[in-house]
Every structure is written in C-alpha cells, then in structure tokens.
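Engineer: Sharing coords_10.cif (mmCIF, C-alpha atoms and all ligand atoms) below.
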```cif
data_work
#
loop_
_atom_site.group_PDB
_atom_site.id
_atom_site.type_symbol
_atom_site.label_atom_id
_atom_site.label_comp_id
_atom_site.auth_asym_id
_atom_site.auth_seq_id
_atom_site.Cartn_x
_atom_site.Cartn_y
_atom_site.Cartn_z
ATOM 1 C CA MET A 289 0.000 0.000 0.000
ATOM 2 C CA SER A 290 1.298 3.461 -0.883
ATOM 3 C CA LYS A 291 2.265 5.502 2.190
ATOM 4 C CA VAL A 292 3.339 9.082 2.740
ATOM 5 C CA VAL A 293 6.927 8.960 3.958
ATOM 6 C CA VAL A 294 8.528 12.106 5.413
ATOM 7 C CA ILE A 295 12.321 11.959 5.409
ATOM 8 C CA THR A 296 14.513 14.601 7.080
ATOM 9 C CA GLY A 297 18.102 14.986 5.900
ATOM 10 C CA ALA A 298 16.872 13.599 2.576
ATOM 11 C CA GLY A 299 19.518 15.501 0.620
ATOM 12 C CA GLY A 300 22.257 13.485 2.322
ATOM 13 C CA VAL A 301 23.969 10.323 1.185
ATOM 14 C CA LEU A 302 22.125 7.768 3.334
ATOM 15 C CA CYS A 303 18.628 9.262 3.321
ATOM 16 C CA SER A 304 18.555 10.066 -0.390
ATOM 17 C CA SER A 305 19.180 6.379 -0.955
ATOM 18 C CA PHE A 306 16.248 5.505 1.367
ATOM 19 C CA ALA A 307 14.064 8.024 -0.507
ATOM 20 C CA GLU A 308 14.832 6.563 -3.934
ATOM 21 C CA PHE A 309 14.239 3.029 -2.653
ATOM 22 C CA LEU A 310 10.912 3.861 -0.978
ATOM 23 C CA ALA A 311 9.705 5.795 -4.033
ATOM 24 C CA GLU A 312 10.532 2.773 -6.203
ATOM 25 C CA LYS A 313 8.308 0.727 -3.866
ATOM 26 C CA GLY A 314 5.427 3.092 -4.714
ATOM 27 C CA HIS A 315 5.439 5.360 -1.652
ATOM 28 C CA LYS A 316 5.041 9.150 -1.843
ATOM 29 C CA VAL A 317 8.155 10.722 -0.373
ATOM 30 C CA ALA A 318 8.455 14.186 1.182
ATOM 31 C CA LEU A 319 12.115 15.170 1.139
ATOM 32 C CA LEU A 320 13.110 17.662 3.848
ATOM 33 C CA ASP A 321 16.551 19.202 4.167
ATOM 34 C CA ILE A 322 18.174 22.468 5.188
ATOM 35 C CA ASN A 323 19.948 22.193 1.823
ATOM 36 C CA GLU A 324 17.062 22.886 -0.572
ATOM 37 C CA ALA A 325 19.161 22.458 -3.713
ATOM 38 C CA ALA A 326 20.155 18.950 -2.623
ATOM 39 C CA VAL A 327 16.569 17.768 -2.112
ATOM 40 C CA ASN A 328 15.426 19.375 -5.349
ATOM 41 C CA VAL A 329 17.960 17.244 -7.230
ATOM 42 C CA ILE A 330 16.789 14.039 -5.509
ATOM 43 C CA ALA A 331 13.098 14.866 -6.049
ATOM 44 C CA ASP A 332 13.715 15.546 -9.762
ATOM 45 C CA LYS A 333 15.549 12.231 -10.092
ATOM 46 C CA ILE A 334 12.748 10.281 -8.381
ATOM 47 C CA ASN A 335 9.988 12.001 -10.394
ATOM 48 C CA ALA A 336 11.877 11.484 -13.670
ATOM 49 C CA ALA A 337 12.009 7.769 -12.854
ATOM 50 C CA GLY A 338 8.210 7.715 -12.419
ATOM 51 C CA GLY A 339 8.060 8.048 -8.632
ATOM 52 C CA CYS A 340 6.300 10.625 -6.491
ATOM 53 C CA ALA A 341 8.578 12.985 -4.546
ATOM 54 C CA LYS A 342 8.363 16.551 -3.317
ATOM 55 C CA ALA A 343 11.213 18.623 -1.890
ATOM 56 C CA TYR A 344 10.885 21.032 1.044
ATOM 57 C CA ALA A 345 13.443 23.395 2.565
ATOM 58 C CA CYS A 346 13.324 22.638 6.290
ATOM 59 C CA ASN A 347 15.570 23.201 9.271
ATOM 60 C CA VAL A 348 14.762 20.432 11.758
ATOM 61 C CA LEU A 349 15.701 22.723 14.654
ATOM 62 C CA LYS A 350 12.995 25.304 13.915
ATOM 63 C CA LYS A 351 9.632 24.013 15.067
ATOM 64 C CA GLU A 352 7.644 26.783 13.402
ATOM 65 C CA ILE A 353 9.283 25.966 10.043
ATOM 66 C CA ILE A 354 8.602 22.246 10.494
ATOM 67 C CA GLU A 355 4.966 23.093 11.229
ATOM 68 C CA GLN A 356 4.718 25.180 8.044
ATOM 69 C CA VAL A 357 6.259 22.370 6.005
ATOM 70 C CA HIS A 358 3.840 19.943 7.654
ATOM 71 C CA GLN A 359 0.895 22.033 6.386
ATOM 72 C CA GLN A 360 2.373 22.056 2.869
ATOM 73 C CA ILE A 361 2.839 18.280 2.939
ATOM 74 C CA LEU A 362 -0.763 17.770 4.114
ATOM 75 C CA ALA A 363 -1.925 19.804 1.119
ATOM 76 C CA ASP A 364 0.497 18.192 -1.370
ATOM 77 C CA LEU A 365 0.617 14.534 -0.327
ATOM 78 C CA GLY A 366 -1.648 13.933 2.695
ATOM 79 C CA LYS A 367 -1.007 12.737 6.247
ATOM 80 C CA CYS A 368 2.381 11.383 7.226
ATOM 81 C CA ASP A 369 2.376 7.584 7.716
ATOM 82 C CA ILE A 370 6.116 7.106 8.163
ATOM 83 C CA LEU A 371 8.700 9.538 9.529
ATOM 84 C CA ILE A 372 12.399 8.916 8.990
ATOM 85 C CA ASN A 373 14.487 11.233 11.179
ATOM 86 C CA GLY A 374 17.676 11.282 9.131
ATOM 87 C CA ALA A 375 19.038 14.822 9.542
ATOM 88 C CA GLY A 376 22.151 14.749 11.692
ATOM 89 C CA GLY A 377 25.892 14.577 11.707
ATOM 90 C CA ASN A 378 29.050 15.826 13.334
ATOM 91 C CA SER A 379 30.775 19.175 12.749
ATOM 92 C CA PRO A 380 34.324 20.506 13.094
ATOM 93 C CA LYS A 381 32.732 22.971 15.555
ATOM 94 C CA CYS A 382 32.805 20.233 18.190
ATOM 95 C CA THR A 383 35.755 18.011 17.252
ATOM 96 C CA THR A 384 38.974 17.802 19.278
ATOM 97 C CA VAL A 385 42.291 17.628 17.431
ATOM 98 C CA HIS A 386 43.719 15.011 19.798
ATOM 99 C CA GLU A 387 42.169 11.617 20.440
ATOM 100 C CA GLU A 388 43.369 11.633 24.055
ATOM 101 C CA TYR A 389 44.536 14.293 26.465
ATOM 102 C CA GLU A 390 48.031 15.536 25.598
ATOM 103 C CA LYS A 391 50.228 17.607 27.883
ATOM 104 C CA GLY A 392 49.576 21.313 27.326
ATOM 105 C CA ASP A 393 46.038 20.830 25.962
ATOM 106 C CA GLU A 394 44.725 23.151 28.667
ATOM 107 C CA ASP A 395 46.685 26.090 27.144
ATOM 108 C CA ALA A 396 46.689 25.056 23.470
ATOM 109 C CA GLU A 397 45.478 27.236 20.585
ATOM 110 C CA ILE A 398 44.082 24.222 18.724
ATOM 111 C CA SER A 399 40.707 22.636 19.489
ATOM 112 C CA THR A 400 41.065 20.565 22.659
ATOM 113 C CA PHE A 401 38.639 19.325 25.282
ATOM 114 C CA PHE A 402 39.305 22.446 27.366
ATOM 115 C CA ASN A 403 38.388 25.009 24.742
ATOM 116 C CA LEU A 404 35.619 23.252 22.807
ATOM 117 C CA PRO A 405 33.135 26.075 22.279
ATOM 118 C CA THR A 406 29.831 25.653 24.090
ATOM 119 C CA GLU A 407 28.060 26.876 20.934
ATOM 120 C CA GLY A 408 29.810 24.123 18.944
ATOM 121 C CA PHE A 409 28.696 21.503 21.468
ATOM 122 C CA ASP A 410 25.133 22.853 21.408
ATOM 123 C CA PHE A 411 25.105 22.920 17.595
ATOM 124 C CA VAL A 412 26.016 19.239 17.231
ATOM 125 C CA PHE A 413 24.066 17.998 20.247
ATOM 126 C CA ASP A 414 20.889 19.845 19.263
ATOM 127 C CA LEU A 415 21.047 18.842 15.610
ATOM 128 C CA ASN A 416 21.219 15.156 16.473
ATOM 129 C CA ILE A 417 18.689 14.946 19.306
ATOM 130 C CA LYS A 418 16.352 17.955 19.040
ATOM 131 C CA GLY A 419 16.454 17.324 15.287
ATOM 132 C CA VAL A 420 14.705 14.028 16.100
ATOM 133 C CA LEU A 421 12.418 15.376 18.814
ATOM 134 C CA LEU A 422 10.910 18.340 16.936
ATOM 135 C CA PRO A 423 9.920 16.600 13.659
ATOM 136 C CA SER A 424 8.498 13.724 15.754
ATOM 137 C CA GLN A 425 6.344 16.174 17.736
ATOM 138 C CA VAL A 426 5.022 17.708 14.535
ATOM 139 C CA PHE A 427 4.548 14.710 12.218
ATOM 140 C CA MET A 428 3.376 12.172 14.808
ATOM 141 C CA THR A 429 0.186 14.223 15.216
ATOM 142 C CA ASP A 430 -0.797 12.699 11.834
ATOM 143 C CA MET A 431 -0.195 9.166 13.128
ATOM 144 C CA VAL A 432 -2.396 9.215 16.218
ATOM 145 C CA GLY A 433 -5.578 7.182 15.741
ATOM 146 C CA ARG A 434 -4.426 5.683 12.425
ATOM 147 C CA LYS A 435 -3.067 2.218 11.637
ATOM 148 C CA GLY A 436 0.308 1.234 10.174
ATOM 149 C CA CYS A 437 2.283 4.342 11.174
ATOM 150 C CA CYS A 438 5.866 4.309 12.402
ATOM 151 C CA VAL A 439 9.030 6.305 13.038
ATOM 152 C CA LEU A 440 12.595 5.351 12.131
ATOM 153 C CA ASN A 441 15.538 7.146 13.750
ATOM 154 C CA ILE A 442 19.212 6.962 12.857
ATOM 155 C CA SER A 443 21.520 6.255 15.758
ATOM 156 C CA SER A 444 25.192 5.330 15.444
ATOM 157 C CA MET A 445 28.005 3.136 16.750
ATOM 158 C CA ASN A 446 28.705 6.097 19.054
ATOM 159 C CA ALA A 447 25.588 5.179 20.999
ATOM 160 C CA TYR A 448 27.274 1.966 22.227
ATOM 161 C CA ARG A 449 30.810 3.275 22.821
ATOM 162 C CA PRO A 450 31.797 6.879 22.059
ATOM 163 C CA LEU A 451 34.361 7.527 19.347
ATOM 164 C CA THR A 452 37.280 9.784 20.225
ATOM 165 C CA LYS A 453 37.233 13.456 19.144
ATOM 166 C CA ILE A 454 33.441 13.895 18.813
ATOM 167 C CA PRO A 455 31.910 14.131 22.304
ATOM 168 C CA ALA A 456 28.689 15.967 21.430
ATOM 169 C CA TYR A 457 27.863 13.680 18.484
ATOM 170 C CA SER A 458 28.531 10.601 20.641
ATOM 171 C CA ALA A 459 26.384 11.849 23.507
ATOM 172 C CA ALA A 460 23.576 12.885 21.167
ATOM 173 C CA LYS A 461 23.484 9.539 19.358
ATOM 174 C CA ALA A 462 23.335 7.714 22.712
ATOM 175 C CA ALA A 463 20.368 9.989 23.409
ATOM 176 C CA VAL A 464 18.805 9.052 20.052
ATOM 177 C CA SER A 465 18.839 5.336 20.950
ATOM 178 C CA ASN A 466 17.471 6.137 24.403
ATOM 179 C CA PHE A 467 14.755 8.420 22.989
ATOM 180 C CA THR A 468 13.812 5.741 20.440
ATOM 181 C CA SER A 469 13.015 3.377 23.325
ATOM 182 C CA TRP A 470 11.185 6.129 25.220
ATOM 183 C CA LEU A 471 9.026 7.105 22.269
ATOM 184 C CA ALA A 472 8.280 3.471 21.424
ATOM 185 C CA VAL A 473 6.947 2.849 24.930
ATOM 186 C CA HIS A 474 5.006 6.107 24.941
ATOM 187 C CA PHE A 475 3.134 5.247 21.733
ATOM 188 C CA ALA A 476 3.016 1.438 21.922
ATOM 189 C CA LYS A 477 -0.689 1.163 22.823
ATOM 190 C CA GLU A 478 -1.491 3.760 20.161
ATOM 191 C CA GLY A 479 0.006 1.293 17.646
ATOM 192 C CA ILE A 480 2.796 3.597 16.470
ATOM 193 C CA ARG A 481 6.083 1.697 16.255
ATOM 194 C CA VAL A 482 9.371 3.547 16.797
ATOM 195 C CA ASN A 483 12.714 1.962 15.928
ATOM 196 C CA ALA A 484 16.218 2.964 14.912
ATOM 197 C CA ILE A 485 19.132 1.725 12.867
ATOM 198 C CA ALA A 486 22.707 2.220 14.041
ATOM 199 C CA PRO A 487 24.916 2.319 10.937
ATOM 200 C CA GLY A 488 28.589 1.503 11.236
ATOM 201 C CA PHE A 489 30.876 3.517 8.946
ATOM 202 C CA PHE A 490 29.680 4.913 5.628
ATOM 203 C CA VAL A 491 31.532 7.642 3.743
ATOM 204 C CA THR A 492 29.187 10.636 3.571
ATOM 205 C CA ASN A 493 29.394 14.432 3.637
ATOM 206 C CA GLN A 494 29.258 14.772 7.416
ATOM 207 C CA ASN A 495 32.300 12.541 8.125
ATOM 208 C CA ARG A 496 34.389 12.811 4.940
ATOM 209 C CA SER A 497 36.867 15.305 6.435
ATOM 210 C CA LEU A 498 37.633 12.935 9.336
ATOM 211 C CA LEU A 499 38.079 9.935 7.029
ATOM 212 C CA PHE A 500 40.114 11.440 4.151
ATOM 213 C CA ASP A 501 42.682 14.223 3.959
ATOM 214 C CA THR A 502 42.395 17.118 1.485
ATOM 215 C CA GLU A 503 44.139 15.023 -1.200
ATOM 216 C CA GLY A 504 41.656 12.187 -0.726
ATOM 217 C CA ASN A 505 44.066 9.857 1.070
ATOM 218 C CA PRO A 506 42.659 7.798 3.972
ATOM 219 C CA THR A 507 43.481 9.306 7.376
ATOM 220 C CA ALA A 508 44.945 7.341 10.284
ATOM 221 C CA ARG A 509 41.400 7.315 11.699
ATOM 222 C CA THR A 510 40.187 5.476 8.593
ATOM 223 C CA GLY A 511 42.862 2.838 9.162
ATOM 224 C CA LYS A 512 41.671 2.361 12.744
ATOM 225 C CA ILE A 513 38.007 2.164 11.696
ATOM 226 C CA LEU A 514 38.673 -0.446 9.034
ATOM 227 C CA ARG A 515 40.825 -2.526 11.403
ATOM 228 C CA ALA A 516 37.970 -2.398 13.927
ATOM 229 C CA THR A 517 35.404 -3.433 11.295
ATOM 230 C CA PRO A 518 35.750 -7.220 10.839
ATOM 231 C CA MET A 519 34.493 -6.956 7.242
ATOM 232 C CA GLY A 520 37.397 -4.579 6.626
ATOM 233 C CA ARG A 521 35.540 -1.980 4.556
ATOM 234 C CA PHE A 522 33.075 0.902 4.722
ATOM 235 C CA GLY A 523 29.384 0.153 4.200
ATOM 236 C CA GLU A 524 27.385 1.208 1.147
ATOM 237 C CA ALA A 525 24.125 3.126 1.677
ATOM 238 C CA THR A 526 22.228 0.364 -0.152
ATOM 239 C CA GLU A 527 23.317 -2.106 2.542
ATOM 240 C CA LEU A 528 20.969 -0.334 4.995
ATOM 241 C CA LEU A 529 17.905 -0.798 2.818
ATOM 242 C CA GLY A 530 16.965 -4.315 3.941
ATOM 243 C CA ALA A 531 16.718 -3.275 7.587
ATOM 244 C CA VAL A 532 14.921 -0.031 6.667
ATOM 245 C CA GLU A 533 12.356 -1.912 4.576
ATOM 246 C CA TRP A 534 11.781 -4.490 7.312
ATOM 247 C CA LEU A 535 11.431 -2.003 10.171
ATOM 248 C CA LEU A 536 8.948 0.097 8.173
ATOM 249 C CA ASP A 537 6.849 -2.933 7.162
ATOM 250 C CA GLU A 538 3.718 -2.977 9.310
ATOM 251 C CA GLU A 539 3.205 -6.716 8.781
ATOM 252 C CA LYS A 540 6.720 -8.136 8.842
ATOM 253 C CA ALA A 541 7.792 -5.953 11.803
ATOM 254 C CA SER A 542 4.365 -5.656 13.453
ATOM 255 C CA PHE A 543 5.670 -6.647 16.935
ATOM 256 C CA VAL A 544 8.990 -4.799 16.664
ATOM 257 C CA THR A 545 9.243 -1.522 18.518
ATOM 258 C CA GLY A 546 11.872 0.267 20.617
ATOM 259 C CA VAL A 547 14.873 -1.471 19.042
ATOM 260 C CA THR A 548 18.066 -0.097 17.531
ATOM 261 C CA ILE A 549 19.564 -2.413 14.911
ATOM 262 C CA PRO A 550 23.333 -2.210 14.284
ATOM 263 C CA ILE A 551 24.336 -2.489 10.602
ATOM 264 C CA ASP A 552 28.066 -2.266 10.905
ATOM 265 C CA GLY A 553 30.112 -5.013 9.219
ATOM 266 C CA GLY A 554 30.699 -6.501 12.682
ATOM 267 C CA PHE A 555 32.120 -3.341 14.343
ATOM 268 C CA SER A 556 29.973 -3.620 17.481
ATOM 269 C CA ALA A 557 30.684 -7.355 17.821
ATOM 270 C CA TYR A 558 34.467 -7.082 17.686
ATOM 271 C CA SER A 559 36.502 -6.766 20.887
ATOM 272 C CA GLY A 560 39.595 -5.694 18.963
ATOM 273 C CA VAL A 561 41.406 -8.983 19.758
HETATM 274 P P1 LIG B 1 25.057 13.549 5.098
HETATM 275 O O1 LIG B 1 25.906 14.672 5.592
HETATM 276 O O2 LIG B 1 25.285 13.035 3.721
HETATM 277 O O3 LIG B 1 23.523 13.910 5.284
HETATM 278 C C1 LIG B 1 23.012 14.672 6.346
HETATM 279 C C2 LIG B 1 21.931 15.598 5.789
HETATM 280 O O4 LIG B 1 21.328 16.309 6.885
HETATM 281 C C3 LIG B 1 22.497 16.655 4.822
HETATM 282 O O5 LIG B 1 21.785 16.633 3.597
HETATM 283 C C4 LIG B 1 22.288 17.963 5.570
HETATM 284 O O6 LIG B 1 22.027 19.076 4.723
HETATM 285 C C5 LIG B 1 21.081 17.641 6.440
HETATM 286 N N1 LIG B 1 20.951 18.562 7.569
HETATM 287 C C6 LIG B 1 21.944 19.012 8.367
HETATM 288 N N2 LIG B 1 21.459 19.869 9.268
HETATM 289 C C7 LIG B 1 20.128 19.969 9.043
HETATM 290 C C8 LIG B 1 19.078 20.702 9.643
HETATM 291 N N3 LIG B 1 19.291 21.524 10.680
HETATM 292 N N4 LIG B 1 17.824 20.555 9.154
HETATM 293 C C9 LIG B 1 17.579 19.749 8.098
HETATM 294 N N5 LIG B 1 18.541 19.026 7.485
HETATM 295 C C10 LIG B 1 19.801 19.134 7.950
HETATM 296 O O7 LIG B 1 25.304 12.396 6.159
HETATM 297 P P2 LIG B 1 24.694 10.944 6.324
HETATM 298 O O8 LIG B 1 25.808 10.102 6.814
HETATM 299 O O9 LIG B 1 23.930 10.513 5.131
HETATM 300 O O10 LIG B 1 23.726 11.204 7.553
HETATM 301 C C11 LIG B 1 22.429 10.680 7.709
HETATM 302 C C12 LIG B 1 22.226 10.243 9.162
HETATM 303 O O11 LIG B 1 22.983 9.062 9.392
HETATM 304 C C13 LIG B 1 22.708 11.256 10.203
HETATM 305 O O12 LIG B 1 21.796 11.285 11.281
HETATM 306 C C14 LIG B 1 24.029 10.676 10.652
HETATM 307 O O13 LIG B 1 24.376 11.101 11.948
HETATM 308 C C15 LIG B 1 23.705 9.198 10.601
HETATM 309 N N6 LIG B 1 24.841 8.271 10.597
HETATM 310 C C16 LIG B 1 25.773 8.297 9.608
HETATM 311 C C17 LIG B 1 26.818 7.390 9.646
HETATM 312 C C18 LIG B 1 27.885 7.366 8.588
HETATM 313 O O14 LIG B 1 28.841 6.597 8.713
HETATM 314 N N7 LIG B 1 27.770 8.178 7.550
HETATM 315 C C19 LIG B 1 26.917 6.463 10.678
HETATM 316 C C20 LIG B 1 25.953 6.461 11.664
HETATM 317 C C21 LIG B 1 24.911 7.361 11.621
#
```
Produce structure tokens that represent the structure in this file.

Structural biologist:
Amino acid sequence: MSKVVVITGAGGVLCSSFAEFLAEKGHKVALLDINEAAVNVIADKINAAGGCAKAYACNVLKKEIIEQVHQQILADLGKCDILINGAGGNSPKCTTVHEEYEKGDEDAEISTFFNLPTEGFDFVFDLNIKGVLLPSQVFMTDMVGRKGCCVLNISSMNAYRPLTKIPAYSAAKAAVSNFTSWLAVHFAKEGIRVNAIAPGFFVTNQNRSLLFDTEGNPTARTGKILRATPMGRFGEATELLGAVEWLLDEEKASFVTGVTIPIDGGFSAYSGV
C-alpha cells in the first residue's frame, strides 16, 4: 500500500538512498533538508524515474518551520504515515584535534577538550537529538488514531561506545537510541512503532573530512576504523535498505518496537582482539 513517507536529511547520502528506494516501492516521499538544492535534485531524479517525490526546505531545529512544512505536505501529499528522522551529523565545531589528552592541551590554541566552544557543542548535540524530537512532535500528530504508522531514527556506533574526538555527536546519538526506546513505549498502545538503525561507517558528507585528507588519502582514523570493522571496509548506503524496509513494514515488523539495529560489518561485535 502506498504511504506518505517524510524523510529529514533527505539531501544526504544515506537518506537520499532511502528516498529513492521507498519511491521505487510506490510510496510518496516528502524530502526535507536544510539544503534545498540537494533535495530538489533528488526529487527531480525520483519524479523522472516515475516516482512521487516533493522537496521542502526545512531546518529540523525550527519548530515553526517544520509546522509550516507539515501544512504544505498535508496539502500536497496527505497525512504522514512514516517519519524517517535522518538529519544529523558531526561538525568541526565540536571536534577535538587530539584523540586523548596531551600535555599542554589546557593552554593550546588548537581545538582541545578544554576550549571546545559551548556553541559548537550545542550545535552538534541539538542537531542530532532535538532534530529528532521536533519533527516527531510535529509529524506524529498525523499518526495518532491511524493504523500502520511508524518512526525510524538513525543512531550510530557512538551510541554503544563513544568515538574519540566527537563528544557531542557521541552523547547525542546515545540519546537518540534512548529516545527511540522512550518514544516506542510512549506510543506502543497507540500502535505507532518507533525503531532505529545504528549504521557503522559509511563515507558521507558529514564525516568525509575525518576519514580522508584534502588530497583524498585515507586518514589514520580510517585505518583504525577499518581494522575495527571485521568486514574490513566501509558500508554502502544500499546495505541499509533491507533493515529499513523491514522495520517500516507494518506486517513483517508488526511486533517490533523500541529497538536499535546495528548495521556495521561486525564493528559492534568485535573486541579488537
Ligand atoms: P550527510 O551529511 O550526507 O547527510 C546529512 C543531511 O542532513 C544533509 O543533507 C544535511 O544538509 C542535512 N541537515 C543538516 N542539518 C540539518 C538541519 N538543521 N535541518 C535539516 N537538514 C539538515 O550524512 P549521512 O551520513 O547521510 O547522515 C544521515 C544520518 O545518518 C545522520 O543522522 C548521521 O548522523 C547518521 N549516521 C551516519 C553514519 C555514517 O557513517 N555516515 C553512521 C551512523 C549514523
């Protein structure tokens, strides 16, 4: 059955792939992103292939904007059946240069734990957790009292064990997994399922600068990630689609709610020995 699927961060690498896949399955997709040009390109591609997509400029941190976009989607496509909270990512604004404390960090000019700007921490933390909360508050009003509705969040390996350098992103993704469970319990009797996926490592816009240097060579961090991923490679966005399809399927996943599924080439299973 054709559903209305609202996807935030739909201009990004992972969520544009979800959008194309879900449109191919016959769903109507509303593509929301702060980067309007990016979602316009994806919507054009989907529509040219015979699907139904509409692009909306939307900052997931501005509730009044989300509410306006919600009204437009109601008029254009109808009520939201499925919400995918995909907008998120890290930023150099809250990334330490050193992986561990080094002598002199307290007086250093570079970005260390001691001088991480509060605004940088807020920016990354808010994007990843309030960017899930606010669209859920707005679009879940469509789901109440209707059958077959669900929410899918995107957590991360950071939710299990934080990665070095990115404290706000790590903390926020732990909060995303926690909030997924909270929301699932809150809406369980209403029949709205809420789940998450926790991708391992995929090369996308938000992490490219940590994974490759300016010449495109893998950084030392990339070497560590691949050694810690038993499959020894990055994932491809299409390798998330099976879990996405299953979690969104109201029949196949009818009793599944409150879970976060790792899709990580074995990263979370590996002790490092
Ligand atoms: P991406 O950078 O390609 O996509 C993120 C998208 O979010 C971009 O299109 C960006 O414009 C949009 N966005 C940023 N701020 C926004 C805002 N305020 N309002 C609306 N849209 C905004 O990165 P991606 O890897 O495809 O990220 C998708 C999700 O997957 C994110 O939540 C990310 O944290 C998560 N994730 C990614 C990985 C990975 O390895 N790439 C791993 C685990 C989790």

Engineer: Between A:Thr502, A:Ser559, A:Asn373, A:Thr548, which is the closest to A:Leu422 once you count all atoms listed in the file?

Structural biologist: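 Using all atoms listed in the file, A:Leu422 sits closest to A:Asn373.
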
Engineer: Could you pull the residues within 12 Å of A:Gly560, counting only C-alpha atoms, minus those fewer than 6 positions along the same chain, as an MDAnalysis selection string?

Structural biologist: chainID A and resid 512:518 554

Engineer: Give the padded box for ligand LIG 1 (chain B) as lines of an AutoDock Vina configuration file: axis-aligned, covering all atoms listed in the file, 8 Å on each side, centre and edge lengths in Å to one decimal.

Structural biologist:
```
center_x = 23.2
center_y = 14.0
center_z = 7.8
size_x = 27.3
size_y = 31.1
size_z = 24.4
```

Engineer: For the contact check between chain A and ligand LIG 1 (chain B), emit one row per residue of chain A within 8 Å, containing the shortest atom pair and the distance in Å rounded to one decimal, counting all atoms listed in the file, chain then rising number order, as a tab-separated table.

Structural biologist:
```
residue	atom	partner	partner_atom	distance
A:Thr296	CA	B:LIG1	N5	6.0
A:Gly297	CA	B:LIG1	O4	3.6
A:Ala298	CA	B:LIG1	O5	5.9
A:Gly299	CA	B:LIG1	O5	3.9
A:Gly300	CA	B:LIG1	O3	3.2
A:Val301	CA	B:LIG1	O2	3.9
A:Leu302	CA	B:LIG1	O9	3.7
A:Cys303	CA	B:LIG1	O9	5.7
A:Ser304	CA	B:LIG1	O9	7.7
A:Leu320	CA	B:LIG1	C9	6.5
A:Asp321	CA	B:LIG1	N5	3.9
A:Ile322	CA	B:LIG1	C9	4.0
A:Asn323	CA	B:LIG1	O6	4.7
A:Ala326	CA	B:LIG1	O5	6.8
A:Val327	CA	B:LIG1	O5	7.8
A:Ala345	CA	B:LIG1	C9	7.8
A:Cys346	CA	B:LIG1	C9	5.5
A:Asn347	CA	B:LIG1	N4	3.5
A:Val348	CA	B:LIG1	N4	4.0
A:Leu349	CA	B:LIG1	N3	5.5
A:Asn373	CA	B:LIG1	O12	7.3
A:Gly374	CA	B:LIG1	O12	4.6
A:Ala375	CA	B:LIG1	O4	3.8
A:Gly376	CA	B:LIG1	O12	3.5
A:Gly377	CA	B:LIG1	O13	3.8
A:Asn378	CA	B:LIG1	O13	6.8
A:Leu415	CA	B:LIG1	N3	5.9
A:Asn416	CA	B:LIG1	O12	6.5
A:Gly419	CA	B:LIG1	N3	6.8
A:Asn441	CA	B:LIG1	O12	7.9
A:Ile442	CA	B:LIG1	O12	5.3
A:Ser443	CA	B:LIG1	C21	5.5
A:Ser444	CA	B:LIG1	C20	4.0
A:Met445	CA	B:LIG1	C20	6.4
A:Asn446	CA	B:LIG1	C20	7.9
A:Tyr457	CA	B:LIG1	O13	7.8
A:Lys461	CA	B:LIG1	O13	7.6
A:Ala486	CA	B:LIG1	C20	5.8
A:Pro487	CA	B:LIG1	C20	4.3
A:Gly488	CA	B:LIG1	C19	5.3
A:Phe489	CA	B:LIG1	O14	3.7
A:Phe490	CA	B:LIG1	O14	3.6
A:Val491	CA	B:LIG1	N7	5.4
A:Thr492	CA	B:LIG1	O2	4.6
A:Asn493	CA	B:LIG1	O1	4.0
A:Gln494	CA	B:LIG1	O1	3.8
A:Asn495	CA	B:LIG1	N7	6.3
A:Gly523	CA	B:LIG1	O14	7.9
```

Engineer: Would you please work out which residue, of A:Thr468, A:Ser497, A:Ser399, A:Ser458, is nearest to A:Cys438 when using all atoms listed in the file?

Structural biologist: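 Smallest distance to A:Cys438 is found for A:Thr468.
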
Engineer: Quick check, in Å to one decimal: how far apart do atom CA of A:Thr383 and atom CA of A:Ala463 lie?

Structural biologist: 18.4 Å

Engineer: Taking only C-alpha atoms into account, name the residue in A:Val292, A:Ile354, A:Ala318, A:Ala311 that is nearest to A:Gly366.

Structural biologist: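 Closest candidate: A:Val292.
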
Engineer: Show me, as a list in words, the residues that have an atom within 8 Å of stretch 331-333 of chain A when counting all atoms listed in the file, minus same-chain residues fewer than 4 positions from it.

Structural biologist: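 That gives Leu319, Val327, Ala337, Ala341, Lys342 and Ala343 of chain A.
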
Engineer: On this structure, which residues satisfy the PyMOL selection byres (((chain A and resi 435) around 10) and not hetatm), written as a ChimeraX atom specification?

Structural biologist: /A:369,431-434,436-438,478-480,538

Engineer: What is the distance, in Å and to one decimal place, between atom CA of A:Pro550 and atom CA of A:Ala531?

Structural biologist: 9.5 Å

Engineer: When the PyMOL selection byres (((chain A and resi 535) around 9) and not hetatm) is applied to the structure above, which residues does it catch, written out as a ChimeraX atom specification?

Structural biologist: /A:438,440,481-485,530-534,536-538,540-542,544-545

Engineer: Identify all residues satisfying the PyMOL selection byres (((chain A and resi 409) around 12) and not hetatm) in the given file; provide them as a list of chain:residue names.

Structural biologist: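 Applying the PyMOL selection byres (((chain A and resi 409) around 12) and not hetatm) to the structure shown produces A:Asn378, A:Ser379, A:Pro380, A:Lys381, A:Cys382, A:Thr383, A:Thr384, A:Phe401, A:Asn403, A:Leu404, A:Pro405, A:Thr406, A:Glu407, A:Gly408, A:Asp410, A:Phe411, A:Val412, A:Phe413, A:Asp414, A:Leu415, A:Asn416, A:Lys453, A:Ile454, A:Pro455, A:Ala456, A:Tyr457, A:Ser458, A:Ala459, A:Ala460.
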
Engineer: In terms of the shortest atom-to-atom distance over all atoms listed in the file, which of A:Ile334, A:Val385, A:Val439, A:Val317 is closest to A:Asp364?

Structural biologist: A:Val317

Engineer: Output stretch 502-511 of chain A as a CSV table (one decimal), in the coordinates of the input, making sure N, CA and C atoms are there.

Structural biologist:
```
chain,number,residue,atom,x,y,z
A,502,THR,N,42.8,16.2,2.6
A,502,THR,CA,42.4,17.1,1.5
A,502,THR,C,42.8,16.6,0.1
A,503,GLU,N,43.8,15.6,0.1
A,503,GLU,CA,44.1,15.0,-1.2
A,503,GLU,C,43.4,13.7,-1.5
A,504,GLY,N,42.5,13.4,-0.5
A,504,GLY,CA,41.7,12.2,-0.7
A,504,GLY,C,42.3,10.9,-0.2
A,505,ASN,N,43.4,11.1,0.5
A,505,ASN,CA,44.1,9.9,1.1
A,505,ASN,C,43.4,9.5,2.4
A,506,PRO,N,43.3,8.2,2.7
A,506,PRO,CA,42.7,7.8,4.0
A,506,PRO,C,43.5,8.3,5.2
A,507,THR,N,42.8,8.8,6.2
A,507,THR,CA,43.5,9.3,7.4
A,507,THR,C,43.8,8.1,8.3
A,508,ALA,N,44.6,8.4,9.3
A,508,ALA,CA,44.9,7.3,10.3
A,508,ALA,C,43.7,6.8,10.9
A,509,ARG,N,42.7,7.7,11.1
A,509,ARG,CA,41.4,7.3,11.7
A,509,ARG,C,40.7,6.3,10.8
A,510,THR,N,40.8,6.5,9.5
A,510,THR,CA,40.2,5.5,8.6
A,510,THR,C,40.8,4.1,8.8
A,511,GLY,N,42.2,4.1,8.9
A,511,GLY,CA,42.9,2.8,9.2
A,511,GLY,C,42.3,2.1,10.4
```
